[in-house]
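Input: a single structure, listed below in C-alpha cells.
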Amino acid sequence: MGGMSVRSKSSEPSASSGAPHRAGFACFVGRPNAGKSTLTNALVGQKVAITANQPQTTRHTVRGIVHRPDAQLILVDTPGLHKPRTLLGERLNDVVRTTWAEVDVIGFCLPANEKLGPGDRFIAKELASIKKTPKIAIVTKTDLVDGKTLAEQLIAIDQLGKELGFEWAEIVPVSAVAGDQVELLADLIVPLLPEGPALYPDGELTDEPEQVMIAELIREAALEGVRDELPHSIAVVVEEMLPREDRPADKPLLDIHAFVYIERPSQKGIIIGPKGKRLKEVGIKSRKQIEALLGTPVFLDLHVKVAKDWQRDPRQLRKLGF
C-alpha cells in the first residue's frame, strides 16, 4: 500500500481551491466498541465496514473510500490490536503494525464516554513507536456526554501524547451517529495525504472481495448468541459462488456454497442446534443480508466442518485466509 501513493507531477488542481489533488490511506484504531466502523460508515456515507457490537469481527482489510473533489481518502480497517494468546493473535498483531507503518494517517478512536484505560494506553504506546505516520486522536460518541466531560477527555488525550513523547496532529471530537464534525474530520485528514491522482476509479466504495464480505456476514450470524461458548473458534470460507443455470435473465439466482469451520467436534452441536434449527436460522439471517449486499436473490448452502485446532495451525490459517 505504501508504494501506491505515487505522486504525479501533473496532479490536477481542484477547481475550487487551486490546491493539488491528494490521495492516500488512513486507518482507524482503538479498542473494540470505540466506534471505528460507525465512523467509517459515516465518512463513506454508506454501510461498507461491517459494524458489530463485539470485538474482532473485521479480520480482513475492509476499505471504505471517501471521494471528494480535492481528494480521495481510502480507509483501511486493521484488525484490533490485542495481547496475543495464540499464533492467530500474533499474526493479527503483525498485520496491524505493518498496516500502521504503511498508511498516511492513523486515527486513534477514543470514546468520549469512557475514561482512558489500560487498553488505550497499550495502543497509544504502540502508536508512539511508529514515528513517521501522523496520528489524529478522534474522540467519538460526543453525543453521549456533556461539555465538561468532553473537555476533560480532550485534556487527558493531549496529556497521553505528551507522556509518550509524541504530538497529535489533531484532536477532533466527533459524533458519527449525530453526524457532528464528521466532515471536519475528513477536512483535517486530507492535508496529511500525499499529493497525487485518485487511486481508485470513482464510485468504488470498497475493494473488499465479495466472498470475504459474505463470509463475514455468515460468521456474524453464526456467532450470534453463542459468542461466549465459541468466541473465535469459528471461521467461514465461501467455497464457490455460481449463477444458477437455466434461469431467465430477469430472475437470476446465485448459488453460494460455504463452510463454517470449527475447531472441535463438540462445537458442532452448538452451531447446528437441536434438529439443525440453529443452522437454518443462521442461513436465513445471513442470506437476507447477502441478498441486500449483492442486490440479487441467493440460494445459500451451508455446511459445518471440523478443522482441528485451526487457530494454532499455520497451514490451516493460510487456507482459511489469515
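To be explicit about the labels: the chains of the C-alpha cells are called A, B, and onward in the order shown, and within each one the residues are counted from 1, while ligands get numbers from 1 in the order they are shown.
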
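Those residues that approach Gln72 of chain A to within 8 Å, counting only C-alpha atoms, are Arg22, Ala23, Gly24, Ile65, Val66, His67, Arg68, Ala198 and Leu199 of chain A; same-chain residues fewer than 3 positions away are not listed.
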
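Near Glu126 of chain A, within 12 Å and counting only C-alpha atoms, sit Val29, Gly30, Leu81, His82, Lys83, Asn93, Asp94, Val96, Arg97, Thr98, Trp100, Ala101, Ile106, Phe108, Gly119, Asp120, Arg121, Phe122, Ile123, Ser129, Ile130, Lys131, Lys135, Gly161, Leu164 and Phe166 of chain A; same-chain residues fewer than 3 positions away were not included.
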
As a compact mmCIF listing (two decimals) with all heavy atoms, in the first residue's frame, please: the residues near segment 267-270 of chain A (cut-off 10 Å, only C-alpha atoms, same-chain neighbours under 5 positions excluded).
```txt
# COMPACT_ATOMS: atom_id res chain seq x y z
N ALA A 222 -23.56 -16.72 12.55
CA ALA A 222 -23.29 -17.97 13.25
C ALA A 222 -22.86 -17.73 14.69
O ALA A 222 -23.12 -18.54 15.58
CB ALA A 222 -22.21 -18.76 12.50
N VAL A 226 -23.98 -17.30 20.61
CA VAL A 226 -23.10 -18.36 21.15
C VAL A 226 -21.69 -17.83 21.31
O VAL A 226 -20.73 -18.58 21.43
CB VAL A 226 -23.07 -19.62 20.24
CG1 VAL A 226 -24.41 -20.29 20.20
CG2 VAL A 226 -22.59 -19.28 18.84
N GLU A 229 -19.57 -19.12 24.12
CA GLU A 229 -19.10 -20.50 24.01
C GLU A 229 -18.04 -20.65 22.92
O GLU A 229 -17.14 -21.48 23.03
CB GLU A 229 -20.28 -21.43 23.70
CG GLU A 229 -21.39 -21.37 24.75
CD GLU A 229 -22.68 -21.98 24.24
OE1 GLU A 229 -22.79 -23.22 24.23
OE2 GLU A 229 -23.59 -21.22 23.85
N LEU A 230 -18.16 -19.88 21.84
CA LEU A 230 -17.22 -20.02 20.71
C LEU A 230 -16.67 -18.66 20.30
O LEU A 230 -16.90 -18.24 19.18
CB LEU A 230 -17.95 -20.58 19.49
CG LEU A 230 -18.81 -21.81 19.59
CD1 LEU A 230 -19.60 -21.98 18.31
CD2 LEU A 230 -17.94 -23.03 19.81
N SER A 233 -13.45 -19.41 17.80
CA SER A 233 -13.14 -20.70 17.18
C SER A 233 -14.08 -21.02 16.04
O SER A 233 -14.65 -22.08 15.97
CB SER A 233 -13.16 -21.80 18.22
OG SER A 233 -14.23 -21.58 19.11
N ILE A 234 -14.29 -20.05 15.17
CA ILE A 234 -15.14 -20.30 14.02
C ILE A 234 -14.63 -19.45 12.86
O ILE A 234 -14.29 -18.29 13.04
CB ILE A 234 -16.62 -19.99 14.38
CG1 ILE A 234 -17.47 -19.81 13.12
CG2 ILE A 234 -16.76 -18.77 15.21
CD1 ILE A 234 -18.92 -19.71 13.46
N VAL A 260 -18.69 -23.55 7.36
CA VAL A 260 -18.40 -22.96 8.66
C VAL A 260 -17.43 -23.92 9.34
O VAL A 260 -17.77 -25.07 9.59
CB VAL A 260 -19.69 -22.83 9.50
CG1 VAL A 260 -19.38 -22.28 10.89
CG2 VAL A 260 -20.70 -21.95 8.79
N TYR A 261 -16.20 -23.46 9.58
CA TYR A 261 -15.20 -24.32 10.21
C TYR A 261 -15.16 -24.09 11.71
O TYR A 261 -15.13 -22.94 12.17
CB TYR A 261 -13.80 -24.03 9.65
CG TYR A 261 -13.59 -24.57 8.27
CD1 TYR A 261 -13.78 -23.78 7.15
CD2 TYR A 261 -13.19 -25.90 8.09
CE1 TYR A 261 -13.57 -24.28 5.87
CE2 TYR A 261 -12.98 -26.41 6.82
CZ TYR A 261 -13.17 -25.60 5.72
OH TYR A 261 -12.96 -26.10 4.46
N ILE A 262 -15.16 -25.19 12.47
CA ILE A 262 -14.99 -25.09 13.92
C ILE A 262 -13.78 -25.92 14.31
O ILE A 262 -13.27 -26.70 13.50
CB ILE A 262 -16.25 -25.59 14.66
CG1 ILE A 262 -16.67 -26.92 14.06
CG2 ILE A 262 -17.36 -24.55 14.58
CD1 ILE A 262 -17.88 -27.52 14.65
N LYS A 275 -31.93 -30.48 16.08
CA LYS A 275 -32.55 -30.80 14.77
C LYS A 275 -32.16 -29.81 13.68
O LYS A 275 -32.94 -29.54 12.76
CB LYS A 275 -34.08 -30.84 14.91
CG LYS A 275 -34.57 -31.98 15.77
CD LYS A 275 -36.05 -32.25 15.55
CE LYS A 275 -36.52 -33.43 16.37
NZ LYS A 275 -37.78 -33.16 17.07
N GLY A 276 -30.96 -29.23 13.81
CA GLY A 276 -30.49 -28.33 12.75
C GLY A 276 -31.17 -26.98 12.73
O GLY A 276 -30.98 -26.17 11.82
N ARG A 278 -30.79 -24.26 14.55
CA ARG A 278 -29.97 -23.06 14.64
C ARG A 278 -29.26 -22.73 13.33
O ARG A 278 -29.22 -21.59 12.88
CB ARG A 278 -28.95 -23.22 15.77
CG ARG A 278 -28.56 -21.90 16.30
CD ARG A 278 -27.74 -21.81 17.50
NE ARG A 278 -27.21 -20.47 17.38
CZ ARG A 278 -26.12 -20.18 16.70
NH1 ARG A 278 -25.45 -21.12 16.13
NH2 ARG A 278 -25.73 -18.93 16.62
N LEU A 279 -28.71 -23.79 12.71
CA LEU A 279 -28.00 -23.57 11.45
C LEU A 279 -28.96 -23.00 10.40
O LEU A 279 -28.59 -22.14 9.60
CB LEU A 279 -27.36 -24.87 10.95
CG LEU A 279 -26.40 -24.71 9.77
CD1 LEU A 279 -25.19 -23.85 10.15
CD2 LEU A 279 -25.94 -26.04 9.23
N VAL A 304 -21.23 -27.40 8.08
CA VAL A 304 -20.31 -27.23 9.20
C VAL A 304 -19.22 -28.29 9.12
O VAL A 304 -19.52 -29.47 8.95
CB VAL A 304 -21.06 -27.34 10.54
CG1 VAL A 304 -20.09 -27.17 11.71
CG2 VAL A 304 -22.16 -26.29 10.61
N LYS A 305 -17.96 -27.87 9.20
CA LYS A 305 -16.85 -28.82 9.14
C LYS A 305 -15.94 -28.61 10.33
O LYS A 305 -15.79 -27.47 10.81
CB LYS A 305 -16.01 -28.56 7.88
CG LYS A 305 -16.55 -29.19 6.62
CD LYS A 305 -15.51 -29.06 5.51
CE LYS A 305 -15.80 -30.03 4.38
NZ LYS A 305 -14.73 -30.00 3.37
N VAL A 306 -15.28 -29.68 10.77
CA VAL A 306 -14.30 -29.54 11.84
C VAL A 306 -12.91 -29.44 11.21
O VAL A 306 -12.52 -30.28 10.42
CB VAL A 306 -14.35 -30.77 12.78
CG1 VAL A 306 -13.32 -30.63 13.90
CG2 VAL A 306 -15.76 -30.91 13.37
```

Can you list, as number ranges by chain, all residues belonging to segment 115-240 of chain A that DSSP tags as alpha helix (DSSP H)? A: 118-128, 147-163, 182-189, 210-223

For the residues in the current selection, export C-alpha atoms as an mmCIF file, in the first residue's frame.
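Dumped to out_9.cif:
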```
data_model
loop_
_atom_site.group_PDB
_atom_site.id
_atom_site.type_symbol
_atom_site.label_atom_id
_atom_site.label_comp_id
_atom_site.auth_asym_id
_atom_site.auth_seq_id
_atom_site.Cartn_x
_atom_site.Cartn_y
_atom_site.Cartn_z
ATOM 1 C CA PRO A 118 -5.011 0.399 30.061
ATOM 2 C CA GLY A 119 -6.270 -0.782 26.648
ATOM 3 C CA ASP A 120 -5.984 2.757 25.276
ATOM 4 C CA ARG A 121 -2.501 3.168 26.739
ATOM 5 C CA PHE A 122 -1.413 -0.142 25.233
ATOM 6 C CA ILE A 123 -2.442 1.055 21.758
ATOM 7 C CA ALA A 124 -1.039 4.579 22.267
ATOM 8 C CA LYS A 125 2.326 3.103 23.271
ATOM 9 C CA GLU A 126 2.377 1.043 20.064
ATOM 10 C CA LEU A 127 1.472 4.176 18.091
ATOM 11 C CA ALA A 128 4.315 6.105 19.699
ATOM 12 C CA GLY A 147 -19.242 19.685 27.567
ATOM 13 C CA LYS A 148 -17.324 19.326 30.822
ATOM 14 C CA THR A 149 -16.714 15.570 30.395
ATOM 15 C CA LEU A 150 -15.659 16.153 26.799
ATOM 16 C CA ALA A 151 -13.194 18.905 27.781
ATOM 17 C CA GLU A 152 -11.641 16.623 30.413
ATOM 18 C CA GLN A 153 -11.264 13.827 27.857
ATOM 19 C CA LEU A 154 -9.579 16.165 25.352
ATOM 20 C CA ILE A 155 -7.071 17.288 28.001
ATOM 21 C CA ALA A 156 -6.388 13.679 29.065
ATOM 22 C CA ILE A 157 -5.689 12.677 25.448
ATOM 23 C CA ASP A 158 -3.374 15.636 24.920
ATOM 24 C CA GLN A 159 -1.501 14.580 28.095
ATOM 25 C CA LEU A 160 -1.283 10.964 26.931
ATOM 26 C CA GLY A 161 0.580 12.058 23.777
ATOM 27 C CA LYS A 162 2.967 14.233 25.815
ATOM 28 C CA GLU A 163 3.671 11.383 28.261
ATOM 29 C CA VAL A 182 -17.559 14.122 10.529
ATOM 30 C CA GLU A 183 -16.933 16.400 7.528
ATOM 31 C CA LEU A 184 -14.441 18.391 9.590
ATOM 32 C CA LEU A 185 -12.543 15.197 10.368
ATOM 33 C CA ALA A 186 -12.218 14.489 6.637
ATOM 34 C CA ASP A 187 -11.077 18.117 6.102
ATOM 35 C CA LEU A 188 -8.317 17.605 8.677
ATOM 36 C CA ILE A 189 -7.160 14.240 7.313
ATOM 37 C CA GLU A 210 -17.473 -10.059 -2.168
ATOM 38 C CA GLN A 211 -16.593 -13.537 -0.937
ATOM 39 C CA VAL A 212 -14.856 -12.123 2.116
ATOM 40 C CA MET A 213 -17.763 -9.846 2.998
ATOM 41 C CA ILE A 214 -20.184 -12.734 2.551
ATOM 42 C CA ALA A 215 -18.063 -14.999 4.756
ATOM 43 C CA GLU A 216 -18.036 -12.221 7.347
ATOM 44 C CA LEU A 217 -21.847 -11.909 7.305
ATOM 45 C CA ILE A 218 -22.239 -15.674 7.759
ATOM 46 C CA ARG A 219 -19.678 -15.699 10.567
ATOM 47 C CA GLU A 220 -21.535 -12.860 12.282
ATOM 48 C CA ALA A 221 -24.864 -14.701 12.077
ATOM 49 C CA ALA A 222 -23.291 -17.973 13.246
ATOM 50 C CA LEU A 223 -21.709 -16.307 16.285
#
```

Exercise: Ala176 of chain A partners within 12 Å, only C-alpha atoms, chain neighbours under 5 positions left out, as a list in words: Ala34, Gly35, Lys36, Ser37, Thr38, Leu39, Thr40, Asn41, Ala42, Leu43, Val44, Gly45, Cys109, Pro111, Ile138, Val139, Thr140, Lys141, Thr142, Asp143, Leu144, Gln181, Val182, Glu183, Leu184 and Leu185 of chain A

Output N, CA and C atoms for every residue in the selection just made, as a PDB file, in the first residue's frame.
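Result saved to result-v8.pdb:
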```
ATOM      1  N   ALA A  34     -14.950   1.295  20.097  1.00  0.00           N
ATOM      2  CA  ALA A  34     -14.549   2.706  20.155  1.00  0.00           C
ATOM      3  C   ALA A  34     -15.273   3.504  19.062  1.00  0.00           C
ATOM      4  N   GLY A  35     -16.061   2.800  18.231  1.00  0.00           N
ATOM      5  CA  GLY A  35     -16.844   3.498  17.205  1.00  0.00           C
ATOM      6  C   GLY A  35     -16.157   3.578  15.855  1.00  0.00           C
ATOM      7  N   LYS A  36     -15.227   2.658  15.593  1.00  0.00           N
ATOM      8  CA  LYS A  36     -14.447   2.728  14.343  1.00  0.00           C
ATOM      9  C   LYS A  36     -15.324   2.469  13.111  1.00  0.00           C
ATOM     10  N   SER A  37     -16.107   1.390  13.155  1.00  0.00           N
ATOM     11  CA  SER A  37     -16.919   1.043  11.979  1.00  0.00           C
ATOM     12  C   SER A  37     -17.983   2.092  11.717  1.00  0.00           C
ATOM     13  N   THR A  38     -18.618   2.563  12.798  1.00  0.00           N
ATOM     14  CA  THR A  38     -19.675   3.572  12.651  1.00  0.00           C
ATOM     15  C   THR A  38     -19.098   4.827  12.008  1.00  0.00           C
ATOM     16  N   LEU A  39     -17.887   5.167  12.419  1.00  0.00           N
ATOM     17  CA  LEU A  39     -17.232   6.356  11.875  1.00  0.00           C
ATOM     18  C   LEU A  39     -16.896   6.148  10.399  1.00  0.00           C
ATOM     19  N   THR A  40     -16.380   4.955  10.069  1.00  0.00           N
ATOM     20  CA  THR A  40     -16.079   4.631   8.669  1.00  0.00           C
ATOM     21  C   THR A  40     -17.335   4.793   7.819  1.00  0.00           C
ATOM     22  N   ASN A  41     -18.451   4.230   8.311  1.00  0.00           N
ATOM     23  CA  ASN A  41     -19.700   4.313   7.548  1.00  0.00           C
ATOM     24  C   ASN A  41     -20.159   5.757   7.389  1.00  0.00           C
ATOM     25  N   ALA A  42     -19.991   6.570   8.447  1.00  0.00           N
ATOM     26  CA  ALA A  42     -20.423   7.964   8.383  1.00  0.00           C
ATOM     27  C   ALA A  42     -19.580   8.728   7.359  1.00  0.00           C
ATOM     28  N   LEU A  43     -18.295   8.441   7.315  1.00  0.00           N
ATOM     29  CA  LEU A  43     -17.403   9.136   6.375  1.00  0.00           C
ATOM     30  C   LEU A  43     -17.674   8.718   4.936  1.00  0.00           C
ATOM     31  N   VAL A  44     -17.880   7.414   4.746  1.00  0.00           N
ATOM     32  CA  VAL A  44     -18.070   6.892   3.398  1.00  0.00           C
ATOM     33  C   VAL A  44     -19.491   7.181   2.912  1.00  0.00           C
ATOM     34  N   GLY A  45     -20.405   7.303   3.870  1.00  0.00           N
ATOM     35  CA  GLY A  45     -21.779   7.640   3.514  1.00  0.00           C
ATOM     36  C   GLY A  45     -22.580   6.424   3.108  1.00  0.00           C
ATOM     37  N   CYS A 109      -9.290   6.189  17.710  1.00  0.00           N
ATOM     38  CA  CYS A 109     -10.635   6.470  18.213  1.00  0.00           C
ATOM     39  C   CYS A 109     -10.731   6.189  19.713  1.00  0.00           C
ATOM     40  N   PRO A 111     -13.622   6.689  22.809  1.00  0.00           N
ATOM     41  CA  PRO A 111     -14.980   7.133  23.114  1.00  0.00           C
ATOM     42  C   PRO A 111     -14.984   8.222  24.187  1.00  0.00           C
ATOM     43  N   ILE A 138      -9.223  10.878  17.685  1.00  0.00           N
ATOM     44  CA  ILE A 138     -10.629  11.145  17.358  1.00  0.00           C
ATOM     45  C   ILE A 138     -11.469  10.762  18.569  1.00  0.00           C
ATOM     46  N   VAL A 139     -12.097  11.758  19.184  1.00  0.00           N
ATOM     47  CA  VAL A 139     -12.937  11.481  20.352  1.00  0.00           C
ATOM     48  C   VAL A 139     -14.347  11.208  19.845  1.00  0.00           C
ATOM     49  N   THR A 140     -14.760   9.936  19.924  1.00  0.00           N
ATOM     50  CA  THR A 140     -16.042   9.535  19.331  1.00  0.00           C
ATOM     51  C   THR A 140     -17.175   9.606  20.357  1.00  0.00           C
ATOM     52  N   LYS A 141     -18.400   9.436  19.867  1.00  0.00           N
ATOM     53  CA  LYS A 141     -19.601   9.347  20.716  1.00  0.00           C
ATOM     54  C   LYS A 141     -19.803  10.600  21.575  1.00  0.00           C
ATOM     55  N   THR A 142     -19.479  11.780  21.019  1.00  0.00           N
ATOM     56  CA  THR A 142     -19.616  13.014  21.797  1.00  0.00           C
ATOM     57  C   THR A 142     -21.081  13.311  22.128  1.00  0.00           C
ATOM     58  N   ASP A 143     -21.999  12.659  21.402  1.00  0.00           N
ATOM     59  CA  ASP A 143     -23.430  12.884  21.691  1.00  0.00           C
ATOM     60  C   ASP A 143     -23.830  12.291  23.043  1.00  0.00           C
ATOM     61  N   LEU A 144     -22.935  11.473  23.640  1.00  0.00           N
ATOM     62  CA  LEU A 144     -23.289  10.804  24.892  1.00  0.00           C
ATOM     63  C   LEU A 144     -22.795  11.541  26.136  1.00  0.00           C
ATOM     64  N   GLN A 181     -19.297  17.017  13.074  1.00  0.00           N
ATOM     65  CA  GLN A 181     -17.860  17.162  12.808  1.00  0.00           C
ATOM     66  C   GLN A 181     -17.257  16.044  11.965  1.00  0.00           C
ATOM     67  N   VAL A 182     -18.108  15.208  11.348  1.00  0.00           N
ATOM     68  CA  VAL A 182     -17.559  14.122  10.529  1.00  0.00           C
ATOM     69  C   VAL A 182     -16.871  14.718   9.292  1.00  0.00           C
ATOM     70  N   GLU A 183     -17.524  15.718   8.686  1.00  0.00           N
ATOM     71  CA  GLU A 183     -16.933  16.400   7.528  1.00  0.00           C
ATOM     72  C   GLU A 183     -15.620  17.072   7.926  1.00  0.00           C
ATOM     73  N   LEU A 184     -15.637  17.711   9.102  1.00  0.00           N
ATOM     74  CA  LEU A 184     -14.441  18.391   9.590  1.00  0.00           C
ATOM     75  C   LEU A 184     -13.283  17.396   9.714  1.00  0.00           C
ATOM     76  N   LEU A 185     -13.589  16.213  10.221  1.00  0.00           N
ATOM     77  CA  LEU A 185     -12.543  15.197  10.368  1.00  0.00           C
ATOM     78  C   LEU A 185     -11.903  14.908   9.010  1.00  0.00           C
TER      79      LEU A 185
END
```

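For the set A:Glu170, A:Ala137, A:Leu110, A:Glu102, the residue with the smallest atom-to-atom gap to Pro32 of chain A is A:Leu110, counting only C-alpha atoms.
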